[in-house]
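Student: Sharing upload02.cif (mmCIF, C-alpha atoms and all ligand atoms) below.
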data_upload
#
loop_
_atom_site.label_atom_id
_atom_site.label_comp_id
_atom_site.auth_asym_id
_atom_site.auth_seq_id
_atom_site.Cartn_x
_atom_site.Cartn_y
_atom_site.Cartn_z
CA MET A 15 -0.68 -64.66 29.23
CA GLU A 16 -1.13 -62.48 32.29
CA ARG A 17 2.61 -62.06 32.70
CA LEU A 18 2.97 -60.85 29.14
CA TYR A 19 0.48 -58.10 29.72
CA LYS A 20 2.34 -56.88 32.74
CA ARG A 21 5.61 -56.38 30.87
CA GLY A 22 4.82 -53.29 28.81
CA PRO A 23 2.35 -50.53 29.16
CA LEU A 24 -1.15 -51.56 28.40
CA PRO A 25 -2.24 -50.80 24.87
CA PRO A 26 -4.84 -48.06 24.96
CA ALA A 27 -8.29 -49.56 24.96
CA PRO A 28 -10.31 -48.30 21.99
CA LEU A 29 -12.81 -45.71 23.12
CA PRO A 30 -16.42 -46.69 22.77
CA LEU A 31 -17.74 -44.91 19.67
CA ALA A 32 -19.93 -42.60 21.66
CA PHE A 33 -16.91 -40.95 23.25
CA ILE A 34 -15.23 -39.90 20.00
CA PRO A 35 -15.96 -36.22 19.51
CA MET A 36 -17.92 -36.01 16.29
CA HIS A 37 -16.77 -32.51 15.50
CA GLN A 38 -13.20 -32.06 16.39
CA THR A 39 -12.21 -28.40 16.33
CA PHE A 40 -8.72 -27.23 15.50
CA ASP A 41 -6.84 -24.08 14.58
CA ALA A 42 -4.94 -23.63 11.36
CA ALA A 43 -2.24 -20.98 11.46
CA ILE A 44 -2.10 -19.02 8.21
CA GLU A 45 -0.11 -15.91 9.12
CA MET A 46 -0.15 -14.35 5.72
CA ASN A 47 -0.18 -10.69 4.78
CA LEU A 48 -3.38 -9.58 3.09
CA LEU A 49 -1.34 -7.63 0.56
CA HIS A 50 0.96 -10.53 -0.20
CA ALA A 51 -0.19 -11.03 -3.79
CA ASN A 52 0.08 -7.32 -4.55
CA GLN A 53 3.53 -7.19 -3.04
CA ARG A 54 4.69 -10.07 -5.22
CA GLY A 55 3.35 -8.30 -8.30
CA ALA A 56 5.15 -5.11 -7.29
CA ASP A 57 8.42 -7.03 -7.03
CA HIS A 58 7.84 -8.39 -10.53
CA ASN A 59 7.32 -4.88 -11.88
CA ARG A 60 10.38 -3.55 -10.09
CA ALA A 61 12.46 -6.36 -11.54
CA HIS A 62 11.42 -5.20 -15.04
CA PHE A 63 12.37 -1.60 -14.24
CA ASP A 64 15.71 -2.68 -12.84
CA GLU A 65 16.42 -4.86 -15.84
CA TRP A 66 15.78 -1.89 -18.16
CA GLY A 67 17.60 0.64 -15.98
CA ILE A 68 14.45 2.63 -15.28
CA THR A 69 13.57 4.55 -12.13
CA CYS A 70 9.88 4.47 -11.27
CA ILE A 71 8.06 7.17 -9.33
CA ASN A 72 4.55 6.72 -7.97
CA LEU A 73 2.65 10.03 -7.94
CA MET A 74 -0.21 10.16 -5.44
CA SER A 75 -2.66 12.73 -4.11
CA SER A 76 -6.32 13.44 -3.55
CA PRO A 77 -8.34 14.17 -6.72
CA GLY A 78 -7.39 17.43 -8.36
CA ALA A 79 -4.31 18.24 -6.28
CA GLY A 80 -2.42 18.84 -9.52
CA LYS A 81 -0.73 15.56 -10.51
CA THR A 82 -1.31 15.91 -14.25
CA GLN A 83 -0.42 19.57 -14.29
CA LEU A 84 2.78 18.84 -12.41
CA LEU A 85 3.56 16.06 -14.88
CA GLU A 86 3.15 18.47 -17.77
CA SER A 87 5.61 20.92 -16.20
CA THR A 88 7.97 18.07 -15.36
CA LEU A 89 7.96 16.69 -18.90
CA LYS A 90 8.62 20.18 -20.22
CA GLY A 91 11.41 20.78 -17.72
CA LEU A 92 13.13 17.39 -17.75
CA GLU A 93 12.58 15.78 -21.14
CA PRO A 94 15.76 17.25 -22.62
CA ASP A 95 17.81 15.52 -19.89
CA LEU A 96 15.81 12.41 -19.17
CA ASN A 97 13.81 10.01 -21.31
CA ILE A 98 10.46 9.77 -19.58
CA ALA A 99 7.33 7.66 -20.01
CA VAL A 100 4.05 8.00 -18.15
CA ILE A 101 1.68 5.32 -16.93
CA GLU A 102 -1.59 7.14 -16.52
CA GLY A 103 -3.71 5.40 -13.96
CA ASP A 104 -6.53 7.80 -13.57
CA MET A 105 -9.84 6.48 -14.82
CA THR A 106 -11.24 9.90 -15.58
CA THR A 107 -8.14 10.98 -17.42
CA GLU A 108 -8.20 9.68 -20.97
CA LEU A 109 -8.08 13.44 -21.37
CA ASP A 110 -5.03 13.62 -19.14
CA ALA A 111 -3.26 11.03 -21.25
CA ASP A 112 -3.87 13.14 -24.34
CA ARG A 113 -2.72 16.26 -22.51
CA LEU A 114 0.56 14.50 -21.78
CA ARG A 115 1.06 13.00 -25.24
CA GLN A 116 1.60 16.50 -26.64
CA TYR A 117 5.04 16.38 -25.05
CA GLY A 118 6.04 13.53 -27.32
CA VAL A 119 6.55 10.96 -24.59
CA PRO A 120 5.07 7.46 -24.40
CA VAL A 121 1.88 7.59 -22.34
CA ILE A 122 0.20 4.32 -21.40
CA ALA A 123 -3.33 4.78 -20.14
CA ILE A 124 -4.57 1.91 -18.03
CA ASN A 125 -8.16 1.26 -17.28
CA THR A 126 -8.62 1.05 -13.55
CA GLY A 127 -12.35 0.39 -13.64
CA ARG A 128 -13.84 1.74 -10.46
CA SER A 129 -10.84 0.90 -8.33
CA CYS A 130 -9.87 3.47 -5.72
CA HIS A 131 -6.15 2.78 -6.23
CA LEU A 132 -3.74 1.25 -8.71
CA ASP A 133 -2.51 -2.20 -7.87
CA SER A 134 0.59 -3.94 -9.13
CA LYS A 135 -1.34 -6.11 -11.56
CA MET A 136 -2.87 -3.12 -13.37
CA VAL A 137 0.53 -1.48 -13.62
CA ALA A 138 2.06 -4.74 -14.87
CA GLY A 139 -0.36 -4.51 -17.80
CA GLY A 140 0.93 -1.01 -18.52
CA ILE A 141 4.55 -2.10 -18.24
CA HIS A 142 4.12 -5.02 -20.62
CA GLN A 143 2.41 -2.68 -23.07
CA LEU A 144 5.32 -0.27 -22.80
CA GLN A 145 7.69 -3.16 -23.41
CA HIS A 146 5.97 -4.07 -26.66
CA SER A 147 5.33 -0.61 -28.08
CA HIS A 148 8.56 1.15 -27.07
CA GLU A 149 12.14 0.24 -26.44
CA PRO A 150 12.16 0.30 -22.63
CA THR A 151 15.95 0.30 -22.25
CA THR A 152 16.06 3.80 -23.75
CA LEU A 153 13.97 5.16 -20.87
CA ASP A 154 15.34 6.68 -17.66
CA LEU A 155 12.16 7.42 -15.76
CA VAL A 156 8.61 6.11 -15.61
CA VAL A 157 6.10 8.17 -13.68
CA VAL A 158 2.90 6.46 -12.60
CA GLU A 159 0.01 8.83 -11.97
CA ASN A 160 -2.11 7.05 -9.40
CA VAL A 161 -5.87 7.32 -8.87
CA GLY A 162 -6.78 10.51 -7.03
CA ASN A 163 -7.21 9.23 -3.47
CA LEU A 164 -5.44 10.10 -0.26
CA VAL A 165 -6.26 6.88 1.57
CA CYS A 166 -5.06 3.66 0.03
CA PRO A 167 -2.69 4.12 -2.93
CA ALA A 168 0.14 4.33 -0.41
CA GLU A 169 -0.66 0.81 0.77
CA PHE A 170 -0.56 -0.78 -2.68
CA GLU A 171 2.94 -0.79 -4.09
CA VAL A 172 3.13 -0.86 -7.86
CA GLY A 173 6.87 -1.49 -8.20
CA GLU A 174 8.04 2.08 -7.67
CA HIS A 175 11.42 3.13 -6.32
CA ALA A 176 10.06 6.33 -4.79
CA LYS A 177 6.68 7.61 -3.66
CA VAL A 178 5.75 11.23 -4.21
CA ALA A 179 2.70 12.72 -2.52
CA LEU A 180 1.06 15.98 -3.52
CA LEU A 181 -1.00 18.17 -1.22
CA SER A 182 -2.48 21.35 -2.61
CA VAL A 183 -2.74 24.46 -0.46
CA THR A 184 -6.51 24.41 -0.83
CA GLU A 185 -6.87 21.12 1.03
CA GLY A 186 -6.18 22.36 4.56
CA GLU A 187 -3.32 21.93 7.01
CA ASP A 188 -4.86 18.99 8.83
CA LYS A 189 -4.93 16.54 5.89
CA PRO A 190 -1.59 14.91 6.75
CA LEU A 191 -2.85 14.22 10.27
CA LYS A 192 -6.10 12.74 8.99
CA TYR A 193 -4.55 10.64 6.22
CA PRO A 194 -1.23 9.78 7.82
CA VAL A 195 -0.33 6.57 5.98
CA MET A 196 0.28 8.29 2.66
CA PHE A 197 2.39 11.03 4.25
CA ARG A 198 4.33 8.47 6.27
CA GLU A 199 5.17 6.44 3.17
CA ALA A 200 6.10 9.38 0.93
CA ASP A 201 9.75 9.99 0.05
CA CYS A 202 8.88 13.41 -1.26
CA LEU A 203 6.00 15.79 -0.58
CA LEU A 204 5.03 18.56 -2.97
CA ILE A 205 2.87 21.33 -1.57
CA THR A 206 1.16 22.41 -4.78
CA LYS A 207 -0.72 25.42 -6.09
CA THR A 208 1.28 27.79 -3.88
CA ASP A 209 0.25 30.64 -6.21
CA LEU A 210 -3.16 30.39 -4.53
CA ALA A 211 -1.83 30.67 -0.98
CA PRO A 212 -2.16 34.49 -0.75
CA TYR A 213 -5.90 34.17 -1.35
CA LEU A 214 -6.40 31.55 1.33
CA ASP A 215 -6.13 31.35 5.07
CA VAL A 216 -3.45 28.67 4.96
CA ASP A 217 -0.18 28.30 6.84
CA LEU A 218 2.37 26.36 4.76
CA ASP A 219 4.78 26.00 7.70
CA ARG A 220 1.95 24.34 9.55
CA ILE A 221 1.46 21.82 6.74
CA GLU A 222 5.16 21.02 6.79
CA ALA A 223 5.23 20.63 10.57
CA ASN A 224 2.26 18.28 10.46
CA VAL A 225 3.93 16.12 7.83
CA ARG A 226 7.25 16.10 9.70
CA GLN A 227 5.55 14.77 12.84
CA ILE A 228 4.66 11.68 10.85
CA ASN A 229 7.67 11.47 8.54
CA PRO A 230 10.76 13.38 9.67
CA ASP A 231 12.89 12.40 6.66
CA VAL A 232 10.58 13.36 3.80
CA ALA A 233 11.85 15.90 1.23
CA ILE A 234 9.38 18.79 1.00
CA PHE A 235 9.06 21.28 -1.87
CA ARG A 236 6.58 24.12 -2.31
CA VAL A 237 5.64 24.45 -5.95
CA SER A 238 3.27 26.11 -8.33
CA ALA A 239 2.96 24.36 -11.66
CA LYS A 240 1.09 27.41 -12.87
CA THR A 241 3.80 30.02 -12.24
CA GLY A 242 6.75 27.64 -12.15
CA THR A 243 7.80 28.70 -8.67
CA GLY A 244 9.77 26.02 -6.84
CA LEU A 245 9.88 23.60 -9.75
CA THR A 246 13.66 23.72 -10.15
CA ALA A 247 14.19 22.15 -6.71
CA TRP A 248 11.69 19.43 -7.59
CA PHE A 249 13.44 18.73 -10.92
CA GLU A 250 16.73 18.41 -9.09
CA TRP A 251 15.20 15.95 -6.64
CA VAL A 252 13.92 13.83 -9.54
CA GLN A 253 17.32 13.88 -11.27
CA GLN A 254 19.04 12.99 -8.01
CA THR A 255 16.61 10.12 -7.43
CA VAL A 256 17.24 8.76 -10.92
CA MET A 257 20.99 9.08 -10.43
CA ASN A 258 20.92 7.33 -7.04
CA GLN A 259 18.85 4.51 -8.45
CA THR A 260 21.17 4.09 -11.45
CA ASN A 261 24.20 3.97 -9.16
CA ARG A 262 22.52 1.45 -6.89
CA LEU A 263 21.81 -0.79 -9.87
CA GLN A 264 25.38 -0.62 -11.10
CA LEU A 265 26.60 -1.64 -7.67
CA THR A 266 24.42 -4.71 -7.60
CA VAL A 267 25.29 -5.85 -11.14
CA MET B 29 -13.71 0.47 -2.01
CA HIS B 30 -10.53 -1.53 -1.71
CA GLU B 31 -11.92 -3.53 1.19
CA THR B 32 -13.64 -5.51 -1.57
CA ASP B 33 -10.26 -6.30 -3.13
CA MET B 34 -8.76 -7.12 0.23
CA THR B 35 -11.61 -9.48 0.94
CA LYS B 36 -11.08 -11.12 -2.44
CA ALA B 37 -7.42 -11.65 -1.57
CA LEU B 38 -8.45 -13.01 1.80
CA ILE B 39 -10.91 -15.48 0.30
CA VAL B 40 -8.44 -16.67 -2.35
CA THR B 41 -5.79 -17.30 0.29
CA ILE B 42 -8.17 -19.28 2.45
CA GLN B 43 -9.50 -21.17 -0.56
CA ASP B 44 -5.93 -22.23 -1.47
CA TRP B 45 -5.39 -23.56 2.00
CA TRP B 46 -8.80 -25.26 2.10
CA ASP B 47 -8.34 -26.97 -1.28
CA ALA B 48 -5.07 -28.43 -0.04
CA GLN B 49 -6.71 -30.13 2.93
CA PRO B 50 -7.35 -33.88 2.55
CA GLU B 51 -10.69 -33.54 4.30
CA ARG B 52 -12.35 -30.20 3.85
CA PRO B 53 -13.07 -28.83 7.29
CA THR B 54 -15.78 -26.34 8.05
CA ILE B 55 -14.24 -22.96 8.77
CA GLN B 56 -16.08 -21.42 11.68
CA LYS B 57 -13.99 -18.34 12.25
CA VAL B 58 -11.42 -16.37 10.31
CA HIS B 59 -9.09 -14.38 12.52
CA LEU B 60 -7.58 -11.22 11.09
CA ILE B 61 -5.12 -8.80 12.57
CA VAL B 62 -5.57 -5.19 11.47
CA GLY B 63 -3.37 -2.36 12.63
CA ALA B 64 -4.70 1.13 13.31
CA PHE B 65 -2.10 2.67 10.96
CA THR B 66 -3.38 1.07 7.75
CA CYS B 67 -5.86 2.04 5.08
CA VAL B 68 -8.28 -0.65 6.17
CA GLU B 69 -11.57 0.11 7.82
CA PRO B 70 -12.57 -2.95 9.88
CA ALA B 71 -16.30 -2.25 9.51
CA SER B 72 -16.02 -2.15 5.70
CA LEU B 73 -14.00 -5.33 5.74
CA GLN B 74 -16.63 -7.03 7.87
CA PHE B 75 -19.36 -5.95 5.50
CA ALA B 76 -17.46 -7.02 2.38
CA PHE B 77 -16.69 -10.40 3.93
CA ASP B 78 -20.32 -11.12 4.74
CA VAL B 79 -21.41 -10.17 1.23
CA GLN B 80 -18.68 -11.96 -0.69
CA THR B 81 -18.75 -15.25 1.22
CA GLN B 82 -22.46 -15.82 0.63
CA GLY B 83 -23.01 -19.11 -1.14
CA THR B 84 -19.32 -20.07 -0.95
CA PHE B 85 -17.46 -22.57 1.22
CA LEU B 86 -17.09 -19.73 3.72
CA ASP B 87 -20.80 -19.03 3.98
CA GLY B 88 -21.68 -18.65 7.64
CA SER B 89 -18.14 -18.36 8.88
CA GLU B 90 -17.43 -15.43 11.11
CA LEU B 91 -14.75 -12.80 10.53
CA VAL B 92 -13.03 -11.86 13.77
CA ILE B 93 -10.87 -8.76 13.53
CA LYS B 94 -8.27 -8.01 16.14
CA ASP B 95 -7.41 -4.32 16.18
CA ILE B 96 -3.80 -3.46 16.90
CA PRO B 97 -3.20 0.07 18.15
CA LEU B 98 -0.49 2.31 16.73
CA VAL B 99 2.54 2.19 19.01
CA ALA B 100 5.59 4.30 18.27
CA HIS B 101 8.99 4.39 19.91
CA CYS B 102 10.74 7.61 20.90
CA HIS B 103 14.54 7.32 20.78
CA THR B 104 15.04 10.46 22.85
CA CYS B 105 12.85 9.25 25.69
CA ARG B 106 13.71 5.60 25.08
CA ALA B 107 10.06 4.78 25.56
CA ASP B 108 7.06 3.59 23.60
CA TYR B 109 4.01 5.79 23.25
CA THR B 110 0.60 5.62 21.63
CA PRO B 111 0.05 8.41 19.11
CA ASP B 112 -3.38 9.92 18.86
CA VAL B 113 -4.29 8.84 15.31
CA GLY B 114 -5.89 11.75 13.48
CA SER B 115 -4.31 14.53 15.47
CA GLN B 116 -0.97 13.91 17.17
CA TYR B 117 1.95 11.66 16.16
CA ALA B 118 4.96 13.33 17.75
CA CYS B 119 6.15 12.09 21.16
CA PRO B 120 3.85 13.61 23.81
CA THR B 121 6.79 13.98 26.23
CA CYS B 122 9.53 15.57 24.12
CA ASN B 123 7.73 16.34 20.85
CA SER B 124 10.17 14.34 18.69
CA PRO B 125 8.59 13.24 15.42
CA MET B 126 7.31 9.71 15.06
CA GLU B 127 10.25 7.64 13.87
CA ASP B 128 9.91 3.94 14.61
CA ILE B 129 6.56 2.28 14.46
CA ARG B 130 6.39 -0.69 16.78
CA SER B 131 2.93 -1.88 15.82
CA GLY B 132 -0.12 -0.70 13.95
CA ARG B 133 0.96 -1.54 10.38
CA GLU B 134 -0.29 -5.16 10.52
CA LEU B 135 -2.67 -6.44 7.92
CA LYS B 136 -2.72 -10.20 8.08
CA ILE B 137 -4.66 -13.39 8.29
CA ASP B 138 -3.75 -14.91 11.61
CA ARG B 139 -5.53 -18.27 11.86
CA LEU B 140 -8.66 -20.22 11.04
CA GLU B 141 -10.90 -21.96 13.53
CA CYS B 142 -12.07 -25.17 11.95
CA VAL B 143 -14.32 -28.14 12.62
CA ALA B 144 -13.12 -31.41 11.15
CA ALA B 145 -15.36 -32.79 8.44
N1 LIG A 301 -3.73 27.85 -9.49
C1 LIG A 301 -3.22 26.66 -9.78
N2 LIG A 301 -4.01 25.69 -10.25
C2 LIG A 301 -3.46 24.49 -10.53
C3 LIG A 301 -2.10 24.21 -10.31
N3 LIG A 301 -1.84 22.94 -10.64
C4 LIG A 301 -3.03 22.43 -11.06
N4 LIG A 301 -4.01 23.35 -10.99
C5 LIG A 301 -5.42 23.21 -11.37
O1 LIG A 301 -6.03 22.23 -10.55
C6 LIG A 301 -6.96 21.45 -11.31
C7 LIG A 301 -6.62 19.97 -11.20
O2 LIG A 301 -5.33 19.74 -11.74
P1 LIG A 301 -4.89 18.33 -12.28
O3 LIG A 301 -3.46 18.45 -12.67
O4 LIG A 301 -5.84 17.86 -13.30
O5 LIG A 301 -5.04 17.48 -10.96
P2 LIG A 301 -4.92 15.88 -10.78
O6 LIG A 301 -4.33 15.64 -9.44
O7 LIG A 301 -4.22 15.30 -11.95
O8 LIG A 301 -6.44 15.46 -10.78
P3 LIG A 301 -7.03 13.97 -10.92
O9 LIG A 301 -6.16 13.25 -11.90
O10 LIG A 301 -8.41 14.17 -11.41
O11 LIG A 301 -6.97 13.38 -9.56
C8 LIG A 301 -6.88 21.95 -12.73
O12 LIG A 301 -7.94 22.83 -12.94
C9 LIG A 301 -5.55 22.68 -12.79
O13 LIG A 301 -5.55 23.72 -13.69
C10 LIG A 301 -1.29 25.27 -9.81
O14 LIG A 301 -0.07 25.14 -9.57
N5 LIG A 301 -1.90 26.47 -9.54
MG MG A 302 -4.75 13.73 -13.28
ZN ZN A 303 6.46 -9.07 -16.66
ZN ZN A 304 -8.17 1.52 -2.54
ZN ZN A 305 10.11 11.55 23.46
#
Would you encode the structure as structure tokens?

Tutor:
Amino acid sequence: MERLYKRGPLPPAPLPLAFIPMHQTFDAAIEMNLLHANQRGADHNRAHFDEWGITCINLMSSPGAGKTQLLESTLKGLEPDLNIAVIEGDMTTELDADRLRQYGVPVIAINTGRSCHLDSKMVAGGIHQLQHSHEPTTLDLVVVENVGNLVCPAEFEVGEHAKVALLSVTEGEDKPLKYPVMFREADCLLITKTDLAPYLDVDLDRIEANVRQINPDVAIFRVSAKTGTGLTAWFEWVQQTVMNQTNRLQLTV
Amino acid sequence: MHETDMTKALIVTIQDWWDAQPERPTIQKVHLIVGAFTCVEPASLQFAFDVQTQGTFLDGSELVIKDIPLVAHCHTCRADYTPDVGSQYACPTCNSPMEDIRSGRELKIDRLECVAA
């Protein structure tokens, strides 16, 4: 018997009960992005757009910077060349949706409740509605007007191919520095309401320089939706973006 | 604000993990990593977490937020630098615009500190 025990290592003696820690602590690694679910929804939306050959632009700015007004000018200027639909995400803008419907384009108004941004799920609702009420494959461009907010819409993708930020001349040169995430993420920046600049103490070069510090590659246009100044360059950017996206899709098919 | 939505996403993610555990542990601490170059305000997140976990399986667990500063990389200087969020993003040495962001965009659940049931 004794010899047997000496052959191998001794089996561990069971600990007396009192020594077993009653509350064993441990760490569970999760390592998941907080925006994961939204990101997945955005991919779903983008897959729809790609399937239908649609380019999607996400229009963002602080409240009142001129998103709806710009959309009106854009519909007027581009509708002959492009088939456009609008997903209107601004809570306060049932009025805006009506303003846009005069141009004869599909306008889907989505109820955002009190949310401070659009998320991919809300926009999915709009997309599915568009799918049922219109023939989506006939569309070239869907513009999403986001909730007026300079802080978080940039963080919540909705399935767009390009982000466009608006900053009106009345908001001050320092806004890009104070709300950098939106200006970092933007593919295009529109400095709006330039017709008002002569009445204000505002330096447009300064605005541009501040944005370029954060985002050197962004396309910047100075526009006035009221007088029409600068809109042609913006229209060309939109057409180019749609064309690039269409070409990219054809390459991957 | 959207911190409420973020907190909802956070709770759902943890709930999924917790439901999958054979023995439901008590979660003492939830560790988050939040970069300085995000739209998230840690104080608002903290507040939303305390409110929304009341009466749930997370009641009493503590939210620990690790702040990650914004660090950019300047290709001209071949060096990292820390922009001054709110006022200055270009390289302080050569004034090149901020191109690569090394850190500061994080927004994730890192780990949970648990006590076995
Ligand atoms: N002078 C001038 N005013 C403008 C211009 N564009 C818009 N506005 C005015 O600015 C105000 C807000 O314009 P909207 O287009 O409604 O702005 P918005 O960004 O859609 O606003 P929300 O959807 O509420 O966030 C309106 O009174 C417009 O008439 C412009 O180019 N010049
Ligand atoms: Mg509007
Ligand atoms: Zn779908
Ligand atoms: Zn938000
Ligand atoms: Zn440098």

Student: Show me which residues sit within 9 Å of ligand ZN 304 (chain A) when counting only C-alpha atoms and all ligand atoms, and put them as a VMD selection string.

Tutor: (chain A and resid 129 to 133 161 163 165 to 167 169 to 170) or (chain B and resid 29 to 33 67 to 68)

Student: Check which residues fall inside 9 Å of ligand LIG 301 (chain A) when counting all atoms listed in the file, and print them as a ChimeraX atom specification.

Tutor: /A:74-86,102-107,110,159-163,180,182,206-210,237-243

Student: Please identify all residues of chain A having at least one atom at most 12 Å from any atom of chain B, considering only C-alpha atoms, and return them as a ChimeraX atom specification.

Tutor: /A:35-53,127-133,163-170,187-199,223-232

Student: Select the residues contacting ligand ZN 303 (chain A) at a distance of at most 12 Å, based on only C-alpha atoms and all ligand atoms, then format the selection as a PyMOL selection string.

Tutor: chain A and resi 54-66+134-146+173

Student: Please, what distance in Å, to one decimal, runs between CA of Asp154 in chain A and CA of Ile122 in chain A?

Tutor: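 Computed distance, CA of Asp154 in chain A to CA of Ile122 in chain A, equals 15.8 Å.
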
Student: Quick one: residues within 9 Å of ligand ZN 305 (chain A), with all atoms listed in the file, as a CSV table (one decimal) with C-alpha atoms, in the frame of the given file?

Tutor:
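Output file selection-v7.csv follows:
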chain,number,residue,atom,x,y,z
B,101,HIS,CA,9.0,4.4,19.9
B,102,CYS,CA,10.7,7.6,20.9
B,103,HIS,CA,14.5,7.3,20.8
B,104,THR,CA,15.0,10.5,22.8
B,105,CYS,CA,12.8,9.2,25.7
B,106,ARG,CA,13.7,5.6,25.1
B,107,ALA,CA,10.1,4.8,25.6
B,108,ASP,CA,7.1,3.6,23.6
B,109,TYR,CA,4.0,5.8,23.2
B,118,ALA,CA,5.0,13.3,17.8
B,119,CYS,CA,6.2,12.1,21.2
B,120,PRO,CA,3.8,13.6,23.8
B,121,THR,CA,6.8,14.0,26.2
B,122,CYS,CA,9.5,15.6,24.1
B,123,ASN,CA,7.7,16.3,20.8
B,124,SER,CA,10.2,14.3,18.7
B,125,PRO,CA,8.6,13.2,15.4

Student: Report, in Å with one decimal, the straight-line distance from CA of Lys90 in chain A to CA of Thr246 in chain A.

Tutor: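 Atom-to-atom, CA of Lys90 in chain A to CA of Thr246 in chain A, that is 11.8 Å.
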
Student: Provide the CA of Gln259 in chain A to CA of Asn125 in chain A distance in Å, to one decimal place.

Tutor: 28.6 Å

Student: Using all atoms listed in the file, which residue out of A:His148, A:Lys177, A:Arg262, A:Arg113 lies closest to ligand MG 302 (chain A)?

Tutor: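 The answer is A:Arg113, which sits nearest to ligand MG 302 (chain A).
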
Student: (18.4, 10.3, -8.7) in this file's frame - what residues fall within 12 Å of it? Use all atoms listed in the file and give the answer as number ranges by chain.

Tutor: A: 68-71, 96, 154-155, 175-176, 248-263

Student: May I ask which of the residues A:Ala233, A:Ala111, A:Val121, A:Val178 is the closest one to ligand MG 302 (chain A), counting all atoms listed in the file?

Tutor: A:Ala111

Student: Excluding Val99 in chain B and residues on its chain fewer than 2 positions from it, collect all residues at most 6 Å away from it, counting all atoms listed in the file, and give them as a list of chain:residue names.

Tutor: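 With the cut-off at 6 Å, the set is B:Tyr109, B:Thr110, B:Arg130, B:Ser131.
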
Student: Name the residues in contact with Phe235 in chain A at a cut-off of 9 Å, using all atoms listed in the file, excluding same-chain residues fewer than 5 positions from it; report them as a list in words.

Tutor: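 That gives Cys202, Leu203, Leu204, Ile205, Thr206, Gly244, Leu245, Ala247 and Trp248 of chain A.
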
Student: Pull the neighbourhood of (-16.4, -7.7, 5.6) for me: all residues within 10 Å in file coordinates, counting all atoms listed in the file, as a PyMOL selection string.

Tutor: chain B and resi 31-32+34-35+69-81+90-93

Student: Taking only N, CA and C atoms, show range 120-134 of chain A of the given structure as a JSON list (two decimals), in the first residue's frame.

Tutor:
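Resulting contents of selection.json:
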[["chain", "number", "residue", "atom", "x", "y", "z"],
["A", 120, "PRO", "N", -40.61, 61.26, -53.74],
["A", 120, "PRO", "CA", -41.04, 60.53, -52.56],
["A", 120, "PRO", "C", -40.37, 61.10, -51.30],
["A", 121, "VAL", "N", -41.18, 61.41, -50.31],
["A", 121, "VAL", "CA", -40.63, 61.89, -49.03],
["A", 121, "VAL", "C", -41.18, 61.01, -47.93],
["A", 122, "ILE", "N", -40.31, 60.31, -47.24],
["A", 122, "ILE", "CA", -40.73, 59.46, -46.14],
["A", 122, "ILE", "C", -40.39, 60.18, -44.84],
["A", 123, "ALA", "N", -41.42, 60.50, -44.07],
["A", 123, "ALA", "CA", -41.17, 61.16, -42.79],
["A", 123, "ALA", "C", -41.12, 60.09, -41.70],
["A", 124, "ILE", "N", -40.05, 60.06, -40.95],
["A", 124, "ILE", "CA", -40.01, 59.07, -39.87],
["A", 124, "ILE", "C", -40.07, 59.76, -38.52],
["A", 125, "ASN", "N", -40.82, 59.13, -37.66],
["A", 125, "ASN", "CA", -40.99, 59.70, -36.33],
["A", 125, "ASN", "C", -39.82, 59.31, -35.44],
["A", 126, "THR", "N", -39.08, 60.31, -35.01],
["A", 126, "THR", "CA", -37.89, 60.03, -34.23],
["A", 126, "THR", "C", -38.15, 60.15, -32.73],
["A", 127, "GLY", "N", -39.40, 60.42, -32.36],
["A", 127, "GLY", "CA", -39.68, 60.61, -30.95],
["A", 127, "GLY", "C", -38.87, 61.78, -30.43],
["A", 128, "ARG", "N", -38.25, 61.59, -29.27],
["A", 128, "ARG", "CA", -37.43, 62.69, -28.75],
["A", 128, "ARG", "C", -35.94, 62.43, -28.96],
["A", 129, "SER", "N", -35.64, 61.50, -29.84],
["A", 129, "SER", "CA", -34.24, 61.14, -30.02],
["A", 129, "SER", "C", -33.44, 62.32, -30.55],
["A", 130, "CYS", "N", -32.19, 62.40, -30.13],
["A", 130, "CYS", "CA", -31.33, 63.51, -30.54],
["A", 130, "CYS", "C", -30.56, 63.17, -31.81],
["A", 131, "HIS", "N", -30.82, 62.00, -32.38],
["A", 131, "HIS", "CA", -30.16, 61.61, -33.63],
["A", 131, "HIS", "C", -31.00, 60.53, -34.29],
["A", 132, "LEU", "N", -30.74, 60.28, -35.56],
["A", 132, "LEU", "CA", -31.36, 59.13, -36.22],
["A", 132, "LEU", "C", -30.48, 57.92, -35.98],
["A", 133, "ASP", "N", -31.09, 56.78, -35.75],
["A", 133, "ASP", "CA", -30.26, 55.57, -35.73],
["A", 133, "ASP", "C", -30.66, 54.67, -36.89],
["A", 134, "SER", "N", -29.91, 53.62, -37.07],
["A", 134, "SER", "CA", -30.10, 52.81, -38.28],
["A", 134, "SER", "C", -31.45, 52.10, -38.28]]
